[in-house]
file start.pdb (PDB, C-alpha atoms)
ATOM      1  CA  MET H   1       5.568 -15.929 -14.756
ATOM      2  CA  PRO H   2       4.192 -13.035 -16.742
ATOM      3  CA  LYS H   3       6.246 -12.058 -19.755
ATOM      4  CA  ALA H   4       8.105  -8.732 -19.795
ATOM      5  CA  ALA H   5       6.406  -7.746 -16.549
ATOM      6  CA  THR H   6       7.220  -6.333 -13.136
ATOM      7  CA  LEU H   7       5.580  -7.704 -10.004
ATOM      8  CA  LEU H   8       5.589  -5.554  -6.891
ATOM      9  CA  VAL H   9       4.702  -7.262  -3.625
ATOM     10  CA  ILE H  10       3.941  -5.570  -0.317
ATOM     11  CA  ARG H  11       2.664  -6.558   3.067
ATOM     12  CA  HIS H  12      -0.630  -5.032   4.154
ATOM     13  CA  ALA H  13      -0.317  -1.779   6.072
ATOM     14  CA  GLU H  14      -0.098  -1.450   9.851
ATOM     15  CA  LYS H  15      -2.364  -3.381  12.174
ATOM     16  CA  SER H  16      -3.103  -2.966  15.866
ATOM     17  CA  GLY H  17      -2.092  -6.379  17.130
ATOM     18  CA  ASP H  18      -5.539  -6.914  18.664
ATOM     19  CA  ARG H  19      -6.691 -10.283  17.308
ATOM     20  CA  HIS H  20     -10.269  -9.003  17.063
ATOM     21  CA  ASP H  21      -9.260  -5.999  14.943
ATOM     22  CA  VAL H  22      -9.499  -6.881  11.223
ATOM     23  CA  GLY H  23      -8.721  -3.397   9.855
ATOM     24  CA  LEU H  24      -5.873  -0.919   9.657
ATOM     25  CA  THR H  25      -4.604   1.406  12.367
ATOM     26  CA  PRO H  26      -4.427   5.160  11.707
ATOM     27  CA  ALA H  27      -0.795   4.618  10.672
ATOM     28  CA  GLY H  28      -1.941   1.841   8.336
ATOM     29  CA  MET H  29      -4.593   4.086   6.799
ATOM     30  CA  ALA H  30      -1.937   6.785   6.339
ATOM     31  CA  ARG H  31       0.363   4.288   4.590
ATOM     32  CA  ALA H  32      -2.495   3.132   2.346
ATOM     33  CA  GLN H  33      -3.133   6.778   1.387
ATOM     34  CA  ALA H  34       0.591   7.396   0.835
ATOM     35  CA  TYR H  35       0.693   4.458  -1.579
ATOM     36  CA  VAL H  36      -1.421   6.489  -4.014
ATOM     37  CA  ALA H  37       1.474   8.813  -4.862
ATOM     38  CA  TYR H  38       4.164   6.197  -4.174
ATOM     39  CA  PHE H  39       2.967   3.658  -6.732
ATOM     40  CA  GLN H  40       1.979   6.242  -9.325
ATOM     41  CA  ASN H  41       5.502   7.701  -9.250
ATOM     42  CA  LEU H  42       7.725   4.735  -8.388
ATOM     43  CA  ALA H  43      11.197   5.201  -9.820
ATOM     44  CA  SER H  44      13.905   2.629 -10.211
ATOM     45  CA  GLY H  45      17.302   4.100 -10.869
ATOM     46  CA  ALA H  46      16.891   6.638 -13.659
ATOM     47  CA  SER H  47      13.630   5.182 -14.975
ATOM     48  CA  ARG H  48      10.081   5.353 -13.699
ATOM     49  CA  LEU H  49       7.858   2.287 -13.559
ATOM     50  CA  PRO H  50       4.403   2.570 -15.034
ATOM     51  CA  PRO H  51       1.662   2.620 -12.380
ATOM     52  CA  PRO H  52       0.190  -0.796 -11.619
ATOM     53  CA  ALA H  53      -2.263  -2.085 -14.215
ATOM     54  CA  TRP H  54      -3.419  -4.880 -11.895
ATOM     55  CA  LEU H  55      -4.050  -4.860  -8.139
ATOM     56  CA  ILE H  56      -4.222  -8.168  -6.311
ATOM     57  CA  ALA H  57      -4.878  -8.636  -2.585
ATOM     58  CA  ALA H  58      -5.311 -11.625  -0.317
ATOM     59  CA  ALA H  59      -9.018 -12.320   0.153
ATOM     60  CA  ASP H  60     -10.773 -10.972   3.227
ATOM     61  CA  ALA H  61     -10.641 -13.479   6.057
ATOM     62  CA  ARG H  62     -12.321 -13.776   9.428
ATOM     63  CA  ASP H  63      -9.273 -12.223  11.096
ATOM     64  CA  SER H  64      -8.128  -9.698   8.459
ATOM     65  CA  ARG H  65      -9.335  -7.407   5.708
ATOM     66  CA  ARG H  66      -6.066  -5.498   5.725
ATOM     67  CA  SER H  67      -4.665  -6.539   2.324
ATOM     68  CA  ARG H  68      -7.721  -5.237   0.471
ATOM     69  CA  LEU H  69      -7.992  -2.144   2.678
ATOM     70  CA  THR H  70      -4.347  -1.292   1.983
ATOM     71  CA  LEU H  71      -4.985  -1.148  -1.770
ATOM     72  CA  GLU H  72      -8.384   0.596  -1.760
ATOM     73  CA  PRO H  73      -7.118   4.220  -1.968
ATOM     74  CA  LEU H  74      -4.749   3.338  -4.834
ATOM     75  CA  ALA H  75      -7.503   1.408  -6.623
ATOM     76  CA  ALA H  76      -9.792   4.441  -6.384
ATOM     77  CA  ALA H  77      -7.070   6.775  -7.689
ATOM     78  CA  LEU H  78      -6.201   4.489 -10.622
ATOM     79  CA  GLY H  79      -9.781   3.479 -11.396
ATOM     80  CA  LEU H  80      -8.896  -0.204 -10.970
ATOM     81  CA  ASP H  81     -10.649  -3.114  -9.319
ATOM     82  CA  ILE H  82      -8.867  -5.147  -6.664
ATOM     83  CA  ASP H  83      -8.730  -8.866  -7.384
ATOM     84  CA  ALA H  84      -9.167 -10.331  -3.884
ATOM     85  CA  ARG H  85     -10.463 -13.786  -4.781
ATOM     86  CA  LEU H  86      -7.662 -15.920  -3.358
ATOM     87  CA  ALA H  87      -7.001 -16.675   0.295
ATOM     88  CA  ASP H  88      -3.509 -15.883   1.551
ATOM     89  CA  THR H  89      -2.762 -19.626   1.614
ATOM     90  CA  ALA H  90      -3.421 -19.880  -2.152
ATOM     91  CA  TYR H  91      -0.181 -18.174  -3.188
ATOM     92  CA  ARG H  92       0.830 -21.091  -5.434
ATOM     93  CA  ALA H  93      -2.472 -20.716  -7.317
ATOM     94  CA  LEU H  94      -1.775 -16.997  -7.692
ATOM     95  CA  ALA H  95       1.715 -17.691  -9.061
ATOM     96  CA  GLU H  96       0.240 -20.208 -11.520
ATOM     97  CA  ARG H  97      -2.384 -17.687 -12.679
ATOM     98  CA  LEU H  98       0.290 -15.024 -13.194
ATOM     99  CA  HIS H  99       2.334 -17.563 -15.146
ATOM    100  CA  THR H 100      -0.421 -18.684 -17.483
ATOM    101  CA  ASP H 101      -2.756 -15.707 -17.980
ATOM    102  CA  PRO H 102      -1.530 -13.418 -20.782
ATOM    103  CA  ARG H 103      -3.459 -10.454 -19.315
ATOM    104  CA  TYR H 104      -0.540  -9.942 -16.943
ATOM    105  CA  ASP H 105       2.126  -9.831 -19.674
ATOM    106  CA  HIS H 106       3.858  -6.466 -20.272
ATOM    107  CA  ALA H 107       2.349  -4.954 -17.120
ATOM    108  CA  THR H 108       3.191  -3.728 -13.658
ATOM    109  CA  ILE H 109       1.265  -5.779 -11.105
ATOM    110  CA  LEU H 110       0.947  -4.887  -7.416
ATOM    111  CA  ILE H 111       0.202  -7.656  -4.928
ATOM    112  CA  CYS H 112      -0.667  -7.007  -1.275
ATOM    113  CA  TRP H 113      -0.505 -10.078   0.977
ATOM    114  CA  THR H 114      -0.322 -11.139   4.608
ATOM    115  CA  HIS H 115       3.157 -11.266   6.076
ATOM    116  CA  LYS H 116       2.924 -14.851   7.335
ATOM    117  CA  LYS H 117       2.475 -16.092   3.748
ATOM    118  CA  LEU H 118       4.775 -13.621   1.976
ATOM    119  CA  ARG H 119       7.862 -15.832   2.004
ATOM    120  CA  GLY H 120       5.850 -18.653   0.385
ATOM    121  CA  LEU H 121       4.449 -16.243  -2.198
ATOM    122  CA  ALA H 122       7.917 -14.873  -2.966
ATOM    123  CA  LYS H 123       9.300 -18.392  -3.455
ATOM    124  CA  ALA H 124       6.336 -19.292  -5.703
ATOM    125  CA  LEU H 125       7.214 -16.227  -7.797
ATOM    126  CA  GLY H 126      10.779 -17.503  -8.180
ATOM    127  CA  ALA H 127      12.583 -15.535  -5.464
ATOM    128  CA  PRO H 128      15.951 -16.865  -4.343
ATOM    129  CA  ASP H 129      16.121 -18.177  -0.765
ATOM    130  CA  THR H 130      18.395 -15.277   0.186
ATOM    131  CA  LEU H 131      15.891 -12.522  -0.692
ATOM    132  CA  LEU H 132      13.920 -12.705   2.573
ATOM    133  CA  PRO H 133      14.564 -13.818   6.126
ATOM    134  CA  ASP H 134      13.003 -17.151   7.145
ATOM    135  CA  LYS H 135      10.173 -15.260   8.819
ATOM    136  CA  TRP H 136       8.886 -11.836   7.804
ATOM    137  CA  PRO H 137       9.311  -9.690  10.944
ATOM    138  CA  ASP H 138       5.988  -8.864  12.615
ATOM    139  CA  GLU H 139       6.897  -5.190  12.963
ATOM    140  CA  VAL H 140       8.001  -4.623   9.334
ATOM    141  CA  PHE H 141       5.402  -3.004   7.056
ATOM    142  CA  ASP H 142       7.737  -1.068   4.770
ATOM    143  CA  TRP H 143       9.426  -3.583   2.475
ATOM    144  CA  LEU H 144       8.705  -3.713  -1.233
ATOM    145  CA  LEU H 145       9.599  -6.858  -3.152
ATOM    146  CA  ARG H 146      10.249  -6.344  -6.845
ATOM    147  CA  PHE H 147      10.353  -9.147  -9.394
ATOM    148  CA  ASP H 148      11.256  -8.470 -13.031
ATOM    149  CA  TYR H 149      10.547 -11.046 -15.739
ATOM    150  CA  ASP H 150      11.843 -11.114 -19.303
ATOM    151  CA  VAL H 151       9.901 -11.775 -22.526
ATOM    152  CA  THR H 152       9.977 -15.528 -21.871
ATOM    153  CA  GLY H 153       8.657 -15.143 -18.310
ATOM    154  CA  ALA H 154      12.019 -15.954 -16.713
ATOM    155  CA  LEU H 155      12.932 -14.057 -13.549
ATOM    156  CA  THR H 156      15.744 -11.608 -14.335
ATOM    157  CA  ALA H 157      15.882  -9.717 -11.032
ATOM    158  CA  ALA H 158      14.450  -9.952  -7.527
ATOM    159  CA  SER H 159      15.042  -7.307  -4.909
ATOM    160  CA  LEU H 160      13.878  -6.143  -1.505
ATOM    161  CA  ILE H 161      13.528  -2.368  -1.403
ATOM    162  CA  PRO H 162      12.893  -0.276   1.711
ATOM    163  CA  GLN H 163       9.990   2.057   0.952
ATOM    164  CA  ARG H 164      11.206   5.011   3.015
ATOM    165  CA  LEU H 165       7.661   6.260   2.766
ATOM    166  CA  MET H 166       6.597   6.946   6.341
ATOM    167  CA  TYR H 167       8.290   8.207   9.482
ATOM    168  CA  GLY H 168      10.047   5.253  11.109
ATOM    169  CA  ASP H 169      10.476   3.210   7.923
ATOM    170  CA  SER H 170      13.791   1.399   7.675
ATOM    171  CA  ASP H 171      16.748   2.586   5.608
ATOM    172  CA  ASP H 172      17.933  -0.882   4.644
TER
END
call {"tool": "encode", "arguments": {"input": "start.pdb", "output": "structure tokens"}}
result
Amino acid sequence: MPKAATLLVIRHAEKSGDRHDVGLTPAGMARAQAYVAYFQNLASGASRLPPPAWLIAAADARDSRRSRLTLEPLAAALGLDIDARLADTAYRALAERLHTDPRYDHATILICWTHKKLRGLAKALGAPDTLLPDKWPDEVFDWLLRFDYDVTGALTAASLIPQRLMYGDSDD
């Protein structure tokens, strides 16, 4: 994994449930906008994390553009591009790229992915089996996964953090 880096992983923002709808609901658009302040001011304990230097989203697919759409307001605010080249099924390739590409060392990286592939992505990033339930709940949009890696690229901490960002977000 990247050396001396922090990976933040989120699910795309709210969707309608209509299989023909590939975008975000009004609540999803509100969450995407709220991420601008959230990820520019994310604190952990007494320290503040630097804003993401890299934004990565699952590639647009026939049935969803939500991962990219979730990150667009933050990308605009930070002046960053969104790397959306990999399909949500290519999470092992993403983990390998993060592991081998020195551009990601010493950085905060934000990844937005589809919930059905998030457990696989988390495991590819080194998460313990106990970090997530076997299946990411369909109705949960407000979990943040944090992975911290030391100077050798070894995982030192993995946590699931409730965002507490929007009305109705969970407390635990």
call {"tool": "resolve_selection", "arguments": {"input": "start.pdb", "expression": "the PyMOL selection byres ((chain H and resi 88-99) around 6)", "output": "PDB file with C-alpha atoms, in the frame of the given file"}}
result
ATOM      1  CA  MET H   1       5.568 -15.929 -14.756  1.00  0.00           C
ATOM      2  CA  PRO H   2       4.192 -13.035 -16.742  1.00  0.00           C
ATOM      3  CA  ALA H  58      -5.311 -11.625  -0.317  1.00  0.00           C
ATOM      4  CA  LEU H  86      -7.662 -15.920  -3.358  1.00  0.00           C
ATOM      5  CA  ALA H  87      -7.001 -16.675   0.295  1.00  0.00           C
ATOM      6  CA  THR H 100      -0.421 -18.684 -17.483  1.00  0.00           C
ATOM      7  CA  ASP H 101      -2.756 -15.707 -17.980  1.00  0.00           C
ATOM      8  CA  LEU H 121       4.449 -16.243  -2.198  1.00  0.00           C
ATOM      9  CA  ALA H 124       6.336 -19.292  -5.703  1.00  0.00           C
ATOM     10  CA  LEU H 125       7.214 -16.227  -7.797  1.00  0.00           C
TER      11      LEU H 125
END
call {"tool": "residues_near_point", "arguments": {"input": "start.pdb", "point": "(5.1, 2.8, 9.1)", "cutoff": "12 Å", "atoms": "all atoms listed in the file", "output": "PyMOL selection string"}}
result
chain H and resi 11-15+24-35+139-143+162-170
call {"tool": "write_last_selection", "arguments": {"input": "start.pdb", "atoms": "C-alpha atoms", "output": "compact mmCIF listing (two decimals), in the coordinates of the input"}}
result
# COMPACT_ATOMS: atom_id res chain seq x y z
CA ARG H 11 2.66 -6.56 3.07
CA HIS H 12 -0.63 -5.03 4.15
CA ALA H 13 -0.32 -1.78 6.07
CA GLU H 14 -0.10 -1.45 9.85
CA LYS H 15 -2.36 -3.38 12.17
CA LEU H 24 -5.87 -0.92 9.66
CA THR H 25 -4.60 1.41 12.37
CA PRO H 26 -4.43 5.16 11.71
CA ALA H 27 -0.80 4.62 10.67
CA GLY H 28 -1.94 1.84 8.34
CA MET H 29 -4.59 4.09 6.80
CA ALA H 30 -1.94 6.78 6.34
CA ARG H 31 0.36 4.29 4.59
CA ALA H 32 -2.50 3.13 2.35
CA GLN H 33 -3.13 6.78 1.39
CA ALA H 34 0.59 7.40 0.84
CA TYR H 35 0.69 4.46 -1.58
CA GLU H 139 6.90 -5.19 12.96
CA VAL H 140 8.00 -4.62 9.33
CA PHE H 141 5.40 -3.00 7.06
CA ASP H 142 7.74 -1.07 4.77
CA TRP H 143 9.43 -3.58 2.48
CA PRO H 162 12.89 -0.28 1.71
CA GLN H 163 9.99 2.06 0.95
CA ARG H 164 11.21 5.01 3.02
CA LEU H 165 7.66 6.26 2.77
CA MET H 166 6.60 6.95 6.34
CA TYR H 167 8.29 8.21 9.48
CA GLY H 168 10.05 5.25 11.11
CA ASP H 169 10.48 3.21 7.92
CA SER H 170 13.79 1.40 7.68
call {"tool": "atom_distance", "arguments": {"input": "start.pdb", "atom1": "CA of Arg66 in chain H", "atom2": "CA of Ile82 in chain H"}}
result
12.7 Å
call {"tool": "closest_residue", "arguments": {"input": "start.pdb", "among": "H:Val151, H:Leu7, H:Leu118, H:Cys112", "to": "Lys135 in chain H", "atoms": "all atoms listed in the file"}}
result
H:Leu118
call {"tool": "atom_distance", "arguments": {"input": "start.pdb", "atom1": "CA of Leu160 in chain H", "atom2": "CA of Leu145 in chain H"}}
result
4.6 Å
call {"tool": "closest_residue", "arguments": {"input": "start.pdb", "among": "H:Pro128, H:Pro137, H:Gly120, H:Gly23", "to": "Arg68 in chain H", "atoms": "all atoms listed in the file"}}
result
H:Gly23
call {"tool": "residues_around", "arguments": {"input": "start.pdb", "residues": "range 48-54 of chain H", "least_positions_apart": "4", "cutoff": "6 Å", "atoms": "all atoms listed in the file", "output": "ChimeraX atom specification"}}
result
/H:39-40,42-44,108-110
call {"tool": "residues_around", "arguments": {"input": "start.pdb", "residues": "Asp150 in chain H", "least_positions_apart": "6", "cutoff": "7 Å", "atoms": "all atoms listed in the file", "output": "list in words"}}
result
Lys3, Ala4, Ala5 and Thr156 of chain H
call {"tool": "atom_distance", "arguments": {"input": "start.pdb", "atom1": "CA of Ile10 in chain H", "atom2": "CA of Asp105 in chain H"}}
result
19.9 Å
call {"tool": "closest_residue", "arguments": {"input": "start.pdb", "among": "H:Ala122, H:Ile111, H:His106, H:Pro133", "to": "Leu8 in chain H", "atoms": "all atoms listed in the file"}}
result
H:Ile111
call {"tool": "axis_aligned_box", "arguments": {"input": "start.pdb", "around": "range 17-31 of chain H", "padding_each_side": "4 Å", "output": "AutoDock Vina command-line options"}}
result
--center_x -5.0 --center_y -1.7 --center_z 11.6 --size_x 18.6 --size_y 25.1 --size_z 22.1
call {"tool": "resolve_selection", "arguments": {"input": "start.pdb", "expression": "the PyMOL selection byres ((chain H and resi 20) around 12)", "output": "list in words"}}
result
Lys15, Ser16, Gly17, Asp18, Arg19, Asp21, Val22, Gly23, Leu24, Ala61, Arg62, Asp63, Ser64 and Arg65 of chain H
call {"tool": "closest_residue", "arguments": {"input": "start.pdb", "among": "H:Lys123, H:Lys117, H:Glu72, H:Tyr104", "to": "Tyr149 in chain H", "atoms": "all atoms listed in the file"}}
result
H:Tyr104
call {"tool": "decode", "arguments": {"input": "start.pdb", "residues": "range 44-61 of chain H", "atoms": "N, CA, C and O atoms", "output": "CSV table (one decimal), in the first residue's frame"}}
result
chain,number,residue,atom,x,y,z
H,44,SER,N,-9.3,14.0,13.1
H,44,SER,CA,-9.2,12.7,13.7
H,44,SER,C,-8.6,12.9,15.1
H,44,SER,O,-7.4,13.2,15.2
H,45,GLY,N,-9.4,12.8,16.1
H,45,GLY,CA,-8.9,13.1,17.4
H,45,GLY,C,-8.5,14.6,17.5
H,45,GLY,O,-9.3,15.4,17.1
H,46,ALA,N,-7.3,14.9,18.0
H,46,ALA,CA,-6.9,16.3,18.1
H,46,ALA,C,-6.2,16.8,16.8
H,46,ALA,O,-5.9,18.0,16.7
H,47,SER,N,-6.0,15.9,15.8
H,47,SER,CA,-5.3,16.4,14.6
H,47,SER,C,-6.3,16.4,13.4
H,47,SER,O,-7.3,15.7,13.4
H,48,ARG,N,-5.9,17.3,12.5
H,48,ARG,CA,-6.7,17.4,11.3
H,48,ARG,C,-5.9,16.7,10.1
H,48,ARG,O,-4.7,16.9,10.0
H,49,LEU,N,-6.7,16.0,9.3
H,49,LEU,CA,-6.0,15.4,8.1
H,49,LEU,C,-5.9,16.4,7.0
H,49,LEU,O,-6.8,17.2,6.9
H,50,PRO,N,-4.8,16.3,6.2
H,50,PRO,CA,-4.8,17.2,5.1
H,50,PRO,C,-5.9,16.8,4.1
H,50,PRO,O,-6.3,15.6,4.0
H,51,PRO,N,-6.4,17.8,3.3
H,51,PRO,CA,-7.4,17.4,2.3
H,51,PRO,C,-6.9,16.4,1.4
H,51,PRO,O,-5.7,16.3,1.2
H,52,PRO,N,-7.8,15.7,0.7
H,52,PRO,CA,-7.3,14.7,-0.2
H,52,PRO,C,-6.4,15.3,-1.3
H,52,PRO,O,-6.8,16.4,-1.9
H,53,ALA,N,-5.3,14.6,-1.7
H,53,ALA,CA,-4.5,15.0,-2.8
H,53,ALA,C,-4.9,14.2,-4.1
H,53,ALA,O,-4.5,14.6,-5.2
H,54,TRP,N,-5.6,13.1,-3.9
H,54,TRP,CA,-6.0,12.3,-5.0
H,54,TRP,C,-7.5,11.9,-4.8
H,54,TRP,O,-7.8,11.5,-3.6
H,55,LEU,N,-8.2,11.9,-5.8
H,55,LEU,CA,-9.6,11.5,-5.8
H,55,LEU,C,-9.8,10.4,-6.8
H,55,LEU,O,-9.4,10.5,-8.0
H,56,ILE,N,-10.3,9.3,-6.3
H,56,ILE,CA,-10.5,8.1,-7.2
H,56,ILE,C,-11.9,7.6,-7.1
H,56,ILE,O,-12.5,7.5,-6.0
H,57,ALA,N,-12.6,7.4,-8.2
H,57,ALA,CA,-14.0,6.9,-8.2
H,57,ALA,C,-14.1,5.7,-9.1
H,57,ALA,O,-13.3,5.5,-10.1
H,58,ALA,N,-15.0,4.8,-8.8
H,58,ALA,CA,-15.4,3.7,-9.8
H,58,ALA,C,-15.8,4.4,-11.1
H,58,ALA,O,-16.5,5.4,-11.1
H,59,ALA,N,-15.4,3.7,-12.2
H,59,ALA,CA,-15.7,4.2,-13.5
H,59,ALA,C,-17.2,4.3,-13.7
H,59,ALA,O,-18.0,3.5,-13.2
H,60,ASP,N,-17.7,5.2,-14.5
H,60,ASP,CA,-19.1,5.2,-14.9
H,60,ASP,C,-19.5,3.9,-15.6
H,60,ASP,O,-18.7,3.3,-16.3
H,61,ALA,N,-20.6,3.4,-15.3
H,61,ALA,CA,-21.1,2.2,-15.8
H,61,ALA,C,-22.5,2.4,-16.4
H,61,ALA,O,-23.1,3.5,-16.2
